[in-house]
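Asker: So here's query_14.txt, just compact mmCIF, C-alpha atoms:
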# COMPACT_ATOMS: atom_id res chain seq x y z
CA MET A 18 85.28 79.07 89.33
CA LEU A 19 87.32 82.22 88.72
CA SER A 20 85.69 82.88 85.35
CA TRP A 21 82.24 82.72 86.95
CA TYR A 22 83.33 85.14 89.70
CA LYS A 23 85.03 87.39 87.17
CA GLY A 24 81.85 87.65 85.12
CA LYS A 25 79.69 88.39 88.17
CA LEU A 26 82.11 91.02 89.46
CA TRP A 27 82.26 92.84 86.13
CA LYS A 28 78.48 92.70 85.80
CA ASN A 29 78.11 94.23 89.27
CA LEU A 30 80.54 97.01 88.36
CA GLY A 31 78.31 97.84 85.44
CA GLY A 32 80.94 97.15 82.78
CA LYS A 33 81.64 100.86 82.42
CA MET A 34 84.83 101.44 84.38
CA PRO A 35 87.67 102.84 82.21
CA ALA A 36 90.92 100.86 82.16
CA PHE A 37 92.82 103.56 84.09
CA MET A 38 90.25 103.59 86.90
CA LEU A 39 90.16 99.81 86.96
CA ARG A 40 93.92 99.60 87.41
CA TRP A 41 93.87 102.40 90.00
CA VAL A 42 91.26 100.63 92.14
CA ALA A 43 93.11 97.31 91.80
CA THR A 44 96.40 98.91 92.86
CA ALA A 45 94.81 100.64 95.85
CA LEU A 46 93.31 97.33 96.98
CA ALA A 47 96.66 95.61 96.40
CA ILE A 48 98.41 98.21 98.58
CA GLY A 49 95.87 97.46 101.31
CA VAL A 50 96.52 93.73 100.96
CA ALA A 51 100.28 94.29 101.15
CA ALA A 52 99.79 96.33 104.33
CA GLN A 53 97.77 93.48 105.86
CA VAL A 54 100.15 90.70 104.80
CA LEU A 55 103.58 92.27 105.30
CA PRO A 56 104.61 93.58 108.72
CA GLY A 57 106.98 96.16 107.21
CA ILE A 58 104.25 98.06 105.33
CA GLN A 59 101.61 100.17 107.03
CA VAL A 60 98.78 102.21 105.50
CA ASP A 61 96.82 104.54 107.79
CA GLY A 62 93.52 104.40 105.93
CA VAL A 63 91.71 104.22 102.63
CA TRP A 64 92.68 107.66 101.33
CA PRO A 65 96.43 107.15 101.74
CA ALA A 66 96.08 103.87 99.81
CA ILE A 67 94.14 105.61 97.02
CA VAL A 68 96.65 108.48 96.79
CA ALA A 69 99.58 106.04 96.92
CA ALA A 70 98.04 103.98 94.11
CA LEU A 71 97.65 107.08 91.94
CA LEU A 72 101.18 108.28 92.66
CA LEU A 73 102.62 104.78 92.15
CA GLY A 74 100.96 104.66 88.74
CA LEU A 75 102.39 108.06 87.81
CA VAL A 76 105.86 107.13 89.05
CA ASN A 77 105.74 103.84 87.15
CA VAL A 78 104.80 105.65 83.95
CA THR A 79 107.38 108.44 84.24
CA LEU A 80 110.37 107.52 86.40
CA ARG A 81 110.46 103.71 86.23
CA PRO A 82 111.25 103.46 82.47
CA VAL A 83 114.24 105.78 82.91
CA LEU A 84 115.56 103.81 85.88
CA PHE A 85 114.92 100.53 84.10
CA LEU A 86 116.90 101.72 81.08
CA LEU A 87 119.78 102.96 83.25
CA THR A 88 119.94 99.68 85.16
CA LEU A 89 119.39 97.44 82.13
CA PRO A 90 122.94 95.96 82.14
CA LEU A 91 122.57 95.01 85.81
CA THR A 92 119.10 93.63 85.15
CA VAL A 93 120.43 91.46 82.33
CA VAL A 94 123.34 90.17 84.44
CA THR A 95 120.97 89.26 87.30
CA LEU A 96 118.51 87.63 84.86
CA GLY A 97 115.81 90.19 85.62
CA LEU A 98 115.98 90.06 89.40
CA PHE A 99 117.27 93.62 89.65
CA ALA A 100 113.92 94.79 88.25
CA LEU A 101 112.50 93.84 91.65
CA VAL A 102 114.92 96.30 93.23
CA VAL A 103 113.75 99.05 90.86
CA ASN A 104 110.11 98.28 91.71
CA GLY A 105 110.96 98.37 95.41
CA ALA A 106 112.65 101.73 94.96
CA MET A 107 109.49 103.08 93.30
CA LEU A 108 107.37 101.89 96.24
CA ALA A 109 109.83 103.36 98.76
CA LEU A 110 109.71 106.70 96.92
CA VAL A 111 105.91 106.73 96.98
CA ALA A 112 105.90 105.85 100.69
CA ARG A 113 108.16 108.83 101.41
CA LEU A 114 105.89 111.17 99.44
CA VAL A 115 102.47 110.03 100.69
CA LYS A 116 101.55 110.82 104.27
CA GLY A 117 99.97 107.76 105.85
CA VAL A 118 101.99 105.14 103.93
CA HIS A 119 104.98 103.74 105.80
CA VAL A 120 107.60 101.25 104.64
CA ALA A 121 110.01 99.95 107.30
CA GLY A 122 113.00 99.33 105.04
CA PHE A 123 114.15 98.55 101.55
CA GLY A 124 113.56 94.81 101.94
CA SER A 125 109.97 95.52 102.91
CA ALA A 126 109.66 97.80 99.89
CA VAL A 127 110.86 95.07 97.52
CA LEU A 128 108.54 92.44 99.06
CA GLY A 129 105.71 94.96 99.04
CA ALA A 130 106.28 95.71 95.37
CA VAL A 131 106.09 91.98 94.59
CA VAL A 132 102.84 91.56 96.56
CA ILE A 133 101.30 94.71 95.04
CA SER A 134 102.22 93.56 91.55
CA LEU A 135 100.80 90.06 92.00
CA VAL A 136 97.60 91.09 93.79
CA GLY A 137 97.05 94.07 91.51
CA SER A 138 97.42 91.93 88.40
CA LEU A 139 95.01 89.32 89.76
CA LEU A 140 92.43 91.94 90.71
CA THR A 141 92.74 93.68 87.34
CA TRP A 142 92.21 90.36 85.59
CA LEU A 143 89.17 89.60 87.76
CA MET A 144 87.60 93.00 87.11
CA GLN A 145 88.19 93.14 83.34
CA PRO A 146 85.26 92.39 81.07
CA ARG A 147 85.16 88.96 79.54
CA PRO A 148 84.98 88.82 75.78
CA ARG A 149 81.63 87.49 74.76
CA VAL A 150 81.84 84.45 72.55
CA HIS A 151 78.77 82.89 71.06
CA VAL A 152 79.11 79.42 69.64
CA GLU A 153 76.30 77.76 67.75
CA VAL A 154 76.40 74.08 67.17
CA GLY A 155 74.10 72.72 64.54
CA ARG A 156 73.67 69.52 62.65
CA PHE A 157 74.39 69.32 59.01
CA HIS A 158 72.10 67.02 57.12
CA HIS A 159 73.45 65.26 54.12
CA VAL A 160 71.00 65.48 51.29
CA PRO A 161 71.56 62.82 48.58
Do you think you could lay out the structure here as structure tokens?
Answerer:
Amino acid sequence: MLSWYKGKLWKNLGGKMPAFMLRWVATALAIGVAAQVLPGIQVDGVWPAIVAALLLGLVNVTLRPVLFLLTLPLTVVTLGLFALVVNGAMLALVARLVKGVHVAGFGSAVLGAVVISLVGSLLTWLMQPRPRVHVEVGRFHHVP
């Protein structure tokens, strides 16, 4: 079912969306989903979600690796769970910088980061092009 939907969605998008734009759109939609699902996250419209998605991507590319490296011992001791705290901190930072995106507290930021990550990954997977595989099955005739 999902592979059929994935193929139809990509065909409707024209198959020409660059990977960066694809991820940006998926993250913006995921931020909207998080705002609908979690009571501690509020987004005041489409544009704040789009700006927040862009800024979240930039923060994740620049600041998150540094924080992840600095907190690596704590992440190892907690078996990776502290990475959720780092992701929540990135979302809280973006919410403070983007007018129209509100996060009630740090717990909401951590839960929001989890929801955004899961929904964004699912949407990115659904919107990616499927590799085309062509399989031909033929009969081989044994000639004596």
Asker: Find the distance between atom CA of A:Trp64 and atom CA of A:Val103 and write it in Å to one decimal.
Answerer: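 Separation between atom CA of A:Trp64 and atom CA of A:Val103: 25.1 Å.
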Asker: I'd like to know which of A:Gln53, A:Gln59, A:Gln145, A:Thr44 is closest to A:Lys116, using all atoms listed in the file.
Answerer: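 Ranked by minimum distance to A:Lys116, first place goes to A:Gln59.
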Asker: Find the spatial neighbours of A:Leu75, counting all atoms listed in the file, within a cut-off of 10 Å - ignore same-chain residues fewer than 6 positions away - and output them as a count of residues only.
Answerer: 3
Asker: Just the residues within 6 Å of A:Gly57, please, counting all atoms listed in the file, with nothing from its chain fewer than 2 positions along; format it as a list in words.
Answerer: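 Close residues of A:Gly57: Leu55, Val120, Ala121 and Ser125 of chain A.
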Asker: Can you work out which one of A:Val127, A:Val68, A:Ala36, A:Ile48 has the shortest atom-to-atom distance to A:Leu98, counting all atoms listed in the file?
Answerer: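 Of A:Val127, A:Val68, A:Ala36, A:Ile48, the one nearest A:Leu98 is A:Val127, counting all atoms listed in the file.
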Asker: Quick one: everything within 10 Å of stretch 113-115 of chain A, counting only C-alpha atoms, minus sequence neighbours fewer than 2 positions away in the same chain. Send it as a PyMOL selection string.
Answerer: chain A and resi 60+65-66+68-70+72+108-111+117-120
Asker: Keeping only C-alpha atoms, write those residues as an mmCIF file, keeping the file's coordinate frame.
Answerer:
data_model
loop_
_atom_site.group_PDB
_atom_site.id
_atom_site.type_symbol
_atom_site.label_atom_id
_atom_site.label_comp_id
_atom_site.auth_asym_id
_atom_site.auth_seq_id
_atom_site.Cartn_x
_atom_site.Cartn_y
_atom_site.Cartn_z
ATOM 1 C CA VAL A 60 98.780 102.210 105.500
ATOM 2 C CA PRO A 65 96.430 107.150 101.740
ATOM 3 C CA ALA A 66 96.080 103.870 99.810
ATOM 4 C CA VAL A 68 96.650 108.480 96.790
ATOM 5 C CA ALA A 69 99.580 106.040 96.920
ATOM 6 C CA ALA A 70 98.040 103.980 94.110
ATOM 7 C CA LEU A 72 101.180 108.280 92.660
ATOM 8 C CA LEU A 108 107.370 101.890 96.240
ATOM 9 C CA ALA A 109 109.830 103.360 98.760
ATOM 10 C CA LEU A 110 109.710 106.700 96.920
ATOM 11 C CA VAL A 111 105.910 106.730 96.980
ATOM 12 C CA GLY A 117 99.970 107.760 105.850
ATOM 13 C CA VAL A 118 101.990 105.140 103.930
ATOM 14 C CA HIS A 119 104.980 103.740 105.800
ATOM 15 C CA VAL A 120 107.600 101.250 104.640
#
Asker: Return the padded bounding box of stretch 83-91 of chain A as AutoDock Vina command-line options: axis-aligned, built from all atoms listed in the file, 3 Å added on each side, with centre and edge lengths in Å to one decimal.
Answerer:
--center_x 118.6 --center_y 100.4 --center_z 83.5 --size_x 14.7 --size_y 16.8 --size_z 10.8
Asker: If we count all atoms listed in the file and set the cut-off at 12 Å, which residues sit around stretch 90-92 of chain A, ignoring sequence neighbours fewer than 5 positions away in its own chain? Please answer as a list of chain:residue names.
Answerer: A:Leu84, A:Phe85, A:Gly97, A:Leu98, A:Phe99, A:Ala100, A:Leu101, A:Val102, A:Val103
Asker: Considering only C-alpha atoms, state which residue in the set A:Ile58, A:Leu71, A:Val136, A:Leu143 is at the smallest distance from A:Phe37.
Answerer: A:Leu71
Asker: Report as a list in words all protein, DNA and RNA residues lying within 12 Å of A:Pro35, evaluated on only C-alpha atoms, omitting residues in the same chain fewer than 6 positions from it.
Answerer: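 Answer for this query is Trp41, Val42, Thr141, Met144, Gln145 and Pro146 of chain A.
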Asker: Between A:Ala130, A:Ala106, A:Met38, A:Val150, which has the minimum distance to A:Ile67 (counting only C-alpha atoms)?
Answerer: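 Distance minimum relative to A:Ile67 lands on A:Met38.
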Asker: Report, in Å with one decimal, the straight-line distance from atom CA of A:Ala47 to atom CA of A:Leu139.
Answerer: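 Atom CA of A:Ala47 sits 9.3 Å away from atom CA of A:Leu139.
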Asker: Ranking A:Gly105, A:Gly62, A:Gly137, A:Gly129 by minimum distance to A:Ala43 and counting only C-alpha atoms, which one comes first?
Answerer: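 Answer, going by the shortest atom-to-atom distance: A:Gly137.
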Asker: Measure the distance from atom CA of A:Arg40 to atom CA of A:Val131 in Å and round it to one decimal.
Answerer: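 Computing the Euclidean distance for atom CA of A:Arg40 and atom CA of A:Val131 yields 16.1 Å.
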